[in-house]
file final-v6.tsv (TSV, C-alpha atoms)
chain	number	residue	atom	x	y	z
A	823	MET	CA	8.21	15.13	22.71
A	824	ARG	CA	6.21	14.48	19.58
A	825	SER	CA	6.84	10.73	19.71
A	826	ASP	CA	5.03	10.59	23.06
A	827	LEU	CA	2.10	12.43	21.49
A	828	VAL	CA	2.03	10.04	18.53
A	829	PHE	CA	2.06	6.95	20.74
A	830	GLY	CA	-0.69	8.48	22.89
A	831	ALA	CA	-2.80	9.14	19.80
A	832	LEU	CA	-2.30	5.54	18.64
A	833	ALA	CA	-4.43	4.46	21.59
A	834	HIS	CA	-7.49	5.66	19.64
A	835	VAL	CA	-6.31	5.14	16.05
A	836	ALA	CA	-4.61	1.81	15.50
A	837	ASN	CA	-3.56	2.45	11.91
A	838	ARG	CA	-0.56	4.77	11.67
A	839	TYR	CA	-1.33	5.77	8.10
A	840	GLN	CA	-4.86	6.78	9.09
A	841	LEU	CA	-3.50	8.72	12.06
A	842	CYS	CA	-1.19	10.64	9.74
A	843	GLN	CA	-4.06	11.45	7.39
A	844	LEU	CA	-6.34	12.59	10.21
A	845	ALA	CA	-3.61	14.66	11.84
A	846	SER	CA	-2.71	16.42	8.60
A	847	LYS	CA	-6.34	17.29	7.86
A	848	ALA	CA	-6.92	18.55	11.39
A	849	THR	CA	-3.68	20.55	11.35
A	850	ARG	CA	-4.74	22.28	8.14
A	851	LYS	CA	-8.11	23.19	9.64
A	852	LEU	CA	-6.81	24.35	13.02
A	853	HIS	CA	-3.68	26.20	11.91
A	854	LYS	CA	-3.65	29.93	12.61
A	855	PRO	CA	-1.59	32.37	10.56
A	856	ASN	CA	1.55	33.70	12.24
A	857	SER	CA	1.91	30.58	14.39
A	858	ARG	CA	4.29	27.67	14.01
A	859	LEU	CA	2.98	24.64	12.15
A	860	GLN	CA	4.83	22.39	14.61
A	861	ASP	CA	2.86	23.83	17.53
A	862	THR	CA	-0.42	23.24	15.72
A	863	THR	CA	0.58	19.65	14.94
A	864	ASN	CA	1.49	19.03	18.58
A	865	GLU	CA	-1.87	20.48	19.67
A	866	VAL	CA	-3.73	18.19	17.26
A	867	LEU	CA	-1.87	15.12	18.48
A	868	SER	CA	-2.52	16.03	22.11
A	869	ARG	CA	-6.23	16.35	21.31
A	870	PHE	CA	-6.16	12.94	19.62
A	871	ARG	CA	-4.56	11.54	22.75
A	872	THR	CA	-7.59	12.45	24.88
A	873	ALA	CA	-10.43	12.01	22.37
A	874	ASN	CA	-11.19	9.55	19.61
A	875	PRO	CA	-10.90	11.42	16.29
A	876	LEU	CA	-12.69	8.64	14.42
A	877	SER	CA	-15.93	9.07	16.37
A	878	ALA	CA	-16.63	12.39	14.64
A	879	ILE	CA	-16.21	11.06	11.09
A	880	PRO	CA	-19.41	9.78	9.49
A	881	GLY	CA	-19.17	6.59	7.49
A	882	ILE	CA	-16.49	4.95	9.65
A	883	PRO	CA	-18.07	2.25	11.84
A	884	SER	CA	-17.09	2.15	15.47
A	885	ALA	CA	-16.31	-1.00	17.43
A	886	ALA	CA	-19.82	-0.98	18.89
A	887	ASP	CA	-21.31	-1.04	15.39
A	888	ASP	CA	-19.17	-4.05	14.51
A	889	ARG	CA	-20.41	-5.92	17.56
A	890	ARG	CA	-24.05	-5.19	16.66
A	891	ARG	CA	-23.57	-6.53	13.13
A	892	ALA	CA	-21.93	-9.71	14.40
A	893	ALA	CA	-24.80	-10.53	16.76

call {"tool": "encode", "arguments": {"input": "final-v6.tsv", "output": "structure tokens"}}
result
Amino acid sequence: MRSDLVFGALAHVANRYQLCQLASKATRKLHKPNSRLQDTTNEVLSRFRTANPLSAIPGIPSAADDRRRAA
């Protein structure tokens, strides 16, 4: 179910609005003609479940960067 994929993806992206934005951008980039958009969206969410999508975006500090600044 898609709700399971969304909750799995929320493990890496805490903000639901940001997750929606990232998923829509990734779906647009990964979508293949003559395939269902729903299948592409499910694939993107399953990828977000296993990998952190924010680590590949430059300009967004990770948690490790925040700890270095605080020290």

call {"tool": "atom_distance", "arguments": {"input": "final-v6.tsv", "atom1": "CA of Ala833 in chain A", "atom2": "CA of His853 in chain A"}}
result
23.8 Å

call {"tool": "closest_residue", "arguments": {"input": "final-v6.tsv", "among": "A:Leu832, A:Thr863, A:Met823, A:Ser868", "to": "Ala848 in chain A", "atoms": "only C-alpha atoms"}}
result
A:Thr863

call {"tool": "atom_distance", "arguments": {"input": "final-v6.tsv", "atom1": "CA of Arg850 in chain A", "atom2": "CA of Asn864 in chain A"}}
result
12.6 Å

call {"tool": "residues_around", "arguments": {"input": "final-v6.tsv", "residues": "Gln840 in chain A", "least_positions_apart": "4", "cutoff": "12 Å", "atoms": "only C-alpha atoms", "output": "PDB file with C-alpha atoms, in the coordinates of the input"}}
result
ATOM      1  CA  ALA A 831      -2.800   9.140  19.800  1.00  0.00           C
ATOM      2  CA  LEU A 832      -2.300   5.540  18.640  1.00  0.00           C
ATOM      3  CA  HIS A 834      -7.490   5.660  19.640  1.00  0.00           C
ATOM      4  CA  VAL A 835      -6.310   5.140  16.050  1.00  0.00           C
ATOM      5  CA  ALA A 836      -4.610   1.810  15.500  1.00  0.00           C
ATOM      6  CA  LEU A 844      -6.340  12.590  10.210  1.00  0.00           C
ATOM      7  CA  ALA A 845      -3.610  14.660  11.840  1.00  0.00           C
ATOM      8  CA  SER A 846      -2.710  16.420   8.600  1.00  0.00           C
ATOM      9  CA  LYS A 847      -6.340  17.290   7.860  1.00  0.00           C
ATOM     10  CA  PRO A 875     -10.900  11.420  16.290  1.00  0.00           C
ATOM     11  CA  LEU A 876     -12.690   8.640  14.420  1.00  0.00           C
ATOM     12  CA  ILE A 882     -16.490   4.950   9.650  1.00  0.00           C
TER      13      ILE A 882
END

call {"tool": "closest_residue", "arguments": {"input": "final-v6.tsv", "among": "A:Lys854, A:Thr872, A:Glu865, A:Val828", "to": "Cys842 in chain A", "atoms": "all atoms listed in the file"}}
result
A:Val828

call {"tool": "closest_residue", "arguments": {"input": "final-v6.tsv", "among": "A:Leu841, A:Leu867, A:Ala873, A:Leu859", "to": "Ser825 in chain A", "atoms": "only C-alpha atoms"}}
result
A:Leu867

call {"tool": "decode", "arguments": {"input": "final-v6.tsv", "residues": "range 830-854 of chain A", "atoms": "N, CA and C atoms", "output": "tab-separated table (two decimals), in the first residue's frame"}}
result
chain	number	residue	atom	x	y	z
A	830	GLY	N	7.29	4.74	5.52
A	830	GLY	CA	8.68	4.29	5.45
A	830	GLY	C	9.61	5.41	5.00
A	831	ALA	N	9.15	6.22	4.06
A	831	ALA	CA	9.95	7.34	3.57
A	831	ALA	C	10.08	8.43	4.62
A	832	LEU	N	9.12	8.56	5.51
A	832	LEU	CA	9.18	9.57	6.56
A	832	LEU	C	10.29	9.28	7.57
A	833	ALA	N	10.87	8.09	7.52
A	833	ALA	CA	11.99	7.78	8.41
A	833	ALA	C	13.20	8.64	8.06
A	834	HIS	N	13.33	9.02	6.77
A	834	HIS	CA	14.46	9.82	6.33
A	834	HIS	C	14.12	11.29	6.17
A	835	VAL	N	12.86	11.60	5.86
A	835	VAL	CA	12.42	12.98	5.66
A	835	VAL	C	11.32	13.25	6.68
A	836	ALA	N	11.61	14.07	7.65
A	836	ALA	CA	10.65	14.29	8.74
A	836	ALA	C	9.50	15.21	8.33
A	837	ASN	N	9.73	16.09	7.38
A	837	ASN	CA	8.74	17.06	6.98
A	837	ASN	C	7.91	16.48	5.83
A	838	ARG	N	6.62	16.34	6.02
A	838	ARG	CA	5.76	15.74	5.00
A	838	ARG	C	5.67	16.58	3.74
A	839	TYR	N	5.67	17.90	3.91
A	839	TYR	CA	5.63	18.79	2.75
A	839	TYR	C	6.89	18.62	1.90
A	840	GLN	N	8.03	18.53	2.56
A	840	GLN	CA	9.28	18.34	1.84
A	840	GLN	C	9.32	16.97	1.16
A	841	LEU	N	8.77	15.97	1.81
A	841	LEU	CA	8.70	14.64	1.19
A	841	LEU	C	7.86	14.68	-0.08
A	842	CYS	N	6.75	15.39	-0.03
A	842	CYS	CA	5.89	15.51	-1.20
A	842	CYS	C	6.62	16.21	-2.34
A	843	GLN	N	7.33	17.28	-2.02
A	843	GLN	CA	8.08	18.01	-3.04
A	843	GLN	C	9.17	17.14	-3.65
A	844	LEU	N	9.93	16.44	-2.83
A	844	LEU	CA	10.99	15.57	-3.33
A	844	LEU	C	10.44	14.43	-4.17
A	845	ALA	N	9.33	13.85	-3.71
A	845	ALA	CA	8.74	12.73	-4.44
A	845	ALA	C	8.20	13.17	-5.80
A	846	SER	N	7.60	14.35	-5.85
A	846	SER	CA	7.06	14.81	-7.13
A	846	SER	C	8.18	15.12	-8.12
A	847	LYS	N	9.27	15.72	-7.64
A	847	LYS	CA	10.40	16.00	-8.53
A	847	LYS	C	11.05	14.71	-9.02
A	848	ALA	N	11.22	13.76	-8.13
A	848	ALA	CA	11.83	12.49	-8.52
A	848	ALA	C	10.92	11.70	-9.46
A	849	THR	N	9.63	11.76	-9.24
A	849	THR	CA	8.69	11.06	-10.11
A	849	THR	C	8.73	11.64	-11.51
A	850	ARG	N	8.82	12.95	-11.62
A	850	ARG	CA	8.91	13.58	-12.94
A	850	ARG	C	10.18	13.16	-13.67
A	851	LYS	N	11.28	13.03	-12.93
A	851	LYS	CA	12.55	12.68	-13.57
A	851	LYS	C	12.62	11.20	-13.93
A	852	LEU	N	12.01	10.34	-13.13
A	852	LEU	CA	12.13	8.90	-13.35
A	852	LEU	C	11.01	8.30	-14.20
A	853	HIS	N	9.97	9.07	-14.47
A	853	HIS	CA	8.81	8.51	-15.18
A	853	HIS	C	9.17	8.17	-16.62
A	854	LYS	N	8.74	6.99	-17.04
A	854	LYS	CA	8.96	6.52	-18.41
A	854	LYS	C	7.65	6.60	-19.17
